[in-house]
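Participant: Dropping a structure here in structure tokens format, bear with me for questions.
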Amino acid sequence: MKQFTIIIAFLTLITGSVLGQRELNMSQYMYNRYSINPAFGGSHESLSAYASYRKKWLGFEDSPTGAFFTIHSPLKKENVALGAQFFSDKFGVSQNTGFNLSYTYRLQLDNQSTLAFGISGGIVNHKSDWTQVRLSDSEYDETFASVEQTMSPLVGFGVSIYNKKYFGGFSIPSLLYYDRYETAESSLDFAKIDYLFTGGFIHKVSNSFAIQPSALIRVNLDDKSFAELSATGILMNSLMVGTSYRTTNEIIGIIGYQITPQFRFTYSLDYDIDPIGSYNNGTHEVALQFDFGYKIDSPDPKFF
């Protein structure tokens, strides 16, 4: 079959790192740490909802997209928090759709910090519609005449510590590695799962300006590991302008605005330093966050 190798190579490029829970890196992790660590459930001390949409490599036809929604809250018994995540990633002819639920147990420390432990569990539906592949000739090929669909479990764990000035955490988004293309089975393989480390703090420069450095490190013993270093300036507790560098050769710009004490809008643009960056218009991500504040009527902006 003509250009069969080229088609497979292209699909491999698009799905090269699609074996995990969510296939697209989220550039605004510092504003929704719960999305990568269930131990941050309830950390806003209110019912907090977050929704984001990400479009990768704008300008490429059928380039990867991702949609994500989280909601979490402490209970009236403040040392317990519950949460949920829903996500959908599309890349080429494949799509992951799933959800997980989380339970967080929180301990108040003497220095007004919170030490928390979280667990999460859920399901991912993996779908590949091979009939969407456009072949270079009209010859029928049964390889591309089917829709494959499988499901896999998610089991995650995390620990965090935070207060109003800093945060730190370690998490494993999914303890089970799902081999989508060979065995279609899940297994406990510590060499193939992701280990995430994150941390950050706020430094108040003046009454009207603060700097927020943060970092995210992803370690995978069998796949590519990376680090992301970020710095954001916060003006008048409202306007946020920041930049990040990801060691996969990406530079990220972030801008956000605290519209009300409970409602925030953020936008980020990722640019590839590699040659592929000159062939697309970057990766765009927009997000909205709303803290309902059932415990407090008018919460301060929750940067941590």
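Residues in the structure tokens are numbered from 1 in each chain, the chains being A, B, ... in the order shown, and ligands are numbered from 1 in the order shown.
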I want to know what sits within 6 Å of Ser174 (chain A), based on only C-alpha atoms, with residues of the same chain fewer than 6 positions away left out; could you give that as JSON, numbers by chain?
Facilitator: {"A": [154, 155, 156]}
Participant: Write out, as a PDB file, in the first residue's frame, the residues just selected, with C-alpha atoms.
Facilitator:
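The resulting file, again00.pdb, is shown below:
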```
ATOM      1  CA  LEU A 154      -7.116   4.962  36.737  1.00  0.00           C
ATOM      2  CA  VAL A 155      -5.723   4.757  40.246  1.00  0.00           C
ATOM      3  CA  GLY A 156      -3.739   7.773  41.492  1.00  0.00           C
TER       4      GLY A 156
END
```
Participant: Give the helix (DSSP H, G or I) residues of region 6-185 of chain A, as DSSP finds them on the backbone, and put them as number ranges by chain.
Facilitator: A: 6-14, 29-31, 33-35, 38-40, 130-132, 142-144
Participant: Considering only C-alpha atoms, tabulate each residue of region 85-199 of chain A that lies at most 10 Å from region 217-221 of chain A along with its nearest interatomic pair and the corresponding distance in Å to one decimal; arrange the rows by chain and ascending residue number and present them as a tab-separated table.
Facilitator:
```
residue	atom	partner	partner_atom	distance
A:Phe170	CA	A:Ile217	CA	9.6
A:Ser171	CA	A:Arg218	CA	9.8
A:Ile172	CA	A:Arg218	CA	9.8
A:Phe190	CA	A:Leu221	CA	8.1
A:Ala191	CA	A:Leu221	CA	5.0
A:Lys192	CA	A:Asn220	CA	6.1
A:Ile193	CA	A:Asn220	CA	6.1
A:Asp194	CA	A:Asn220	CA	5.0
A:Tyr195	CA	A:Val219	CA	5.1
A:Leu196	CA	A:Arg218	CA	4.7
A:Phe197	CA	A:Ile217	CA	5.1
A:Thr198	CA	A:Ile217	CA	6.3
A:Gly199	CA	A:Ile217	CA	9.2
```
Participant: Please measure the separation of CA of Lys165 (chain A) and CA of Ala227 (chain A), giving the value in Å to one decimal.
Facilitator: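 Pair CA of Lys165 (chain A) / CA of Ala227 (chain A) returns 22.1 Å.
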Participant: Hey, could you make a per-residue contact list for region 158-203 of chain A against region 85-102 of chain A with 12 Å as the cut-off, showing the nearest pair of atoms and its distance in Å to one decimal, counting only C-alpha atoms, sorted by chain and number, as a tab-separated table?
Facilitator:
```
residue	atom	partner	partner_atom	distance
A:Gly158	CA	A:Ser102	CA	10.3
A:Pro173	CA	A:Asn100	CA	10.4
A:Ser174	CA	A:Asn100	CA	10.5
A:Arg180	CA	A:Asn96	CA	11.0
A:Tyr181	CA	A:Ser94	CA	11.6
```
Participant: Write the residues of the preceding selection, restricted to C-alpha atoms, as a PDB file, in the first residue's frame.
Facilitator:
```pdb
ATOM      1  CA  GLY A 158      -0.593  12.261  45.918  1.00  0.00           C
ATOM      2  CA  PRO A 173      -1.471  10.376  38.338  1.00  0.00           C
ATOM      3  CA  SER A 174      -1.973   6.700  37.532  1.00  0.00           C
ATOM      4  CA  ARG A 180      -2.875   0.607  24.480  1.00  0.00           C
ATOM      5  CA  TYR A 181      -1.385  -0.677  21.229  1.00  0.00           C
TER       6      TYR A 181
END
```
Participant: Find the residues around region 205-211 of chain A up to 8 Å (only C-alpha atoms counted), leave out those fewer than 2 positions away in its own chain, and share them as a ChimeraX atom specification.
Facilitator: /A:202-203,213,231-237
Participant: Would you mind exporting the chosen residues as a PDB file, in the first residue's frame, restricted to N, CA and C atoms?
Facilitator:
```
ATOM      1  N   ILE A 202       5.098  32.499  46.815  1.00  0.00           N
ATOM      2  CA  ILE A 202       4.832  33.895  46.470  1.00  0.00           C
ATOM      3  C   ILE A 202       5.776  34.785  47.271  1.00  0.00           C
ATOM      4  N   HIS A 203       6.441  35.694  46.552  1.00  0.00           N
ATOM      5  CA  HIS A 203       7.301  36.685  47.197  1.00  0.00           C
ATOM      6  C   HIS A 203       6.673  38.062  47.009  1.00  0.00           C
ATOM      7  N   PRO A 213       7.192  32.335  41.618  1.00  0.00           N
ATOM      8  CA  PRO A 213       7.947  31.278  40.924  1.00  0.00           C
ATOM      9  C   PRO A 213       7.312  29.916  41.209  1.00  0.00           C
ATOM     10  N   ALA A 231       7.675  31.716  36.148  1.00  0.00           N
ATOM     11  CA  ALA A 231       7.690  32.904  37.006  1.00  0.00           C
ATOM     12  C   ALA A 231       6.570  33.827  36.556  1.00  0.00           C
ATOM     13  N   THR A 232       5.737  34.250  37.500  1.00  0.00           N
ATOM     14  CA  THR A 232       4.585  35.096  37.198  1.00  0.00           C
ATOM     15  C   THR A 232       4.604  36.335  38.081  1.00  0.00           C
ATOM     16  N   GLY A 233       4.366  37.476  37.478  1.00  0.00           N
ATOM     17  CA  GLY A 233       4.203  38.710  38.224  1.00  0.00           C
ATOM     18  C   GLY A 233       2.725  38.975  38.464  1.00  0.00           C
ATOM     19  N   ILE A 234       2.374  39.372  39.696  1.00  0.00           N
ATOM     20  CA  ILE A 234       0.970  39.616  40.068  1.00  0.00           C
ATOM     21  C   ILE A 234       0.840  41.066  40.502  1.00  0.00           C
ATOM     22  N   LEU A 235       0.046  41.827  39.781  1.00  0.00           N
ATOM     23  CA  LEU A 235      -0.137  43.249  40.045  1.00  0.00           C
ATOM     24  C   LEU A 235      -1.505  43.493  40.671  1.00  0.00           C
ATOM     25  N   MET A 236      -1.526  44.126  41.818  1.00  0.00           N
ATOM     26  CA  MET A 236      -2.757  44.516  42.501  1.00  0.00           C
ATOM     27  C   MET A 236      -3.691  43.323  42.741  1.00  0.00           C
ATOM     28  N   ASN A 237      -3.112  42.158  42.969  1.00  0.00           N
ATOM     29  CA  ASN A 237      -3.897  40.945  43.190  1.00  0.00           C
ATOM     30  C   ASN A 237      -4.895  40.669  42.071  1.00  0.00           C
TER      31      ASN A 237
END
```
Participant: Expressed in Å to a single decimal, how great is the separation between CA of Pro275 (chain A) and CA of Met26 (chain A)?
Facilitator: 21.5 Å
Participant: Please indicate the distance in Å from CA of Pro261 (chain A) to CA of Phe69 (chain A), rounded to one decimal place.
Facilitator: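 Result for CA of Pro261 (chain A) versus CA of Phe69 (chain A): 20.3 Å, one decimal.
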Participant: Can you list every residue in region 122-265 of chain A that DSSP puts in strand (DSSP E), as an MDAnalysis selection string?
Facilitator: chainID A and resid 122:129 147:162 166:172 177:179 185:187 195:201 203:204 209:219 226:235 239:246 250:258 263:265
Participant: Rank nothing, just name the residue among A:Val147, A:Asp274, A:Thr266, A:Arg246 nearest to Asn32 (chain A), using only C-alpha atoms.
Facilitator: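 Residue with the minimum atom-to-atom distance to Asn32 (chain A): A:Thr266.
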Participant: Restrict the calculation to only C-alpha atoms, then for each residue of region 177-265 of chain A with any atom at most 12 Å from an atom of region 112-132 of chain A give the closest atom pair and their distance in Å to one decimal, rows by chain and rising residue number, as a tab-separated table.
Facilitator:
```
residue	atom	partner	partner_atom	distance
A:Tyr178	CA	A:Val124	CA	10.1
A:Asp179	CA	A:His126	CA	11.1
A:Arg180	CA	A:His126	CA	8.1
A:Tyr181	CA	A:Ser128	CA	10.4
A:Ala184	CA	A:His126	CA	10.0
A:Glu185	CA	A:His126	CA	11.9
A:Ser186	CA	A:Val124	CA	11.5
```
Participant: For Tyr50 (chain A), list every protein, DNA or RNA residue within 6 Å, evaluated using only C-alpha atoms, and leave out those in the same chain fewer than 3 positions away; present the list as a ChimeraX atom specification.
Facilitator: /A:69-70,288-289
Participant: Now that the selection is made, can you save its residues with N, CA and C atoms as a PDB file, in the first residue's frame?
Facilitator:
```
ATOM      1  N   PHE A  69     -12.030  19.519  32.965  1.00  0.00           N
ATOM      2  CA  PHE A  69     -12.872  20.150  33.974  1.00  0.00           C
ATOM      3  C   PHE A  69     -12.615  19.485  35.317  1.00  0.00           C
ATOM      4  N   THR A  70     -12.440  20.300  36.359  1.00  0.00           N
ATOM      5  CA  THR A  70     -12.286  19.768  37.716  1.00  0.00           C
ATOM      6  C   THR A  70     -13.197  20.526  38.663  1.00  0.00           C
ATOM      7  N   LEU A 288     -10.975  28.983  32.772  1.00  0.00           N
ATOM      8  CA  LEU A 288     -11.816  29.759  33.675  1.00  0.00           C
ATOM      9  C   LEU A 288     -11.860  29.051  35.018  1.00  0.00           C
ATOM     10  N   GLN A 289     -11.798  29.818  36.085  1.00  0.00           N
ATOM     11  CA  GLN A 289     -11.895  29.254  37.432  1.00  0.00           C
ATOM     12  C   GLN A 289     -12.874  30.065  38.254  1.00  0.00           C
TER      13      GLN A 289
END
```
Participant: Which residue out of A:Ser187, A:Gly59, A:Phe40, A:Glu45 has the minimum interatomic distance to Ser152 (chain A) when only C-alpha atoms are used?
Facilitator: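 The closest residue to Ser152 (chain A) is A:Ser187.
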Participant: Can you list, as a list of chain:residue names, every protein, DNA or RNA residue that comes within 8 Å of Ser73 (chain A) when you count only C-alpha atoms, leaving out same-chain residues fewer than 6 positions away?
Facilitator: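 Counting only C-alpha atoms, the residues come to A:Gly41, A:Gly42, A:Ser43, A:His44, A:Glu45, A:Ser46, A:Leu47, A:Ser48, A:Ala81, A:Leu82, A:Gly83.
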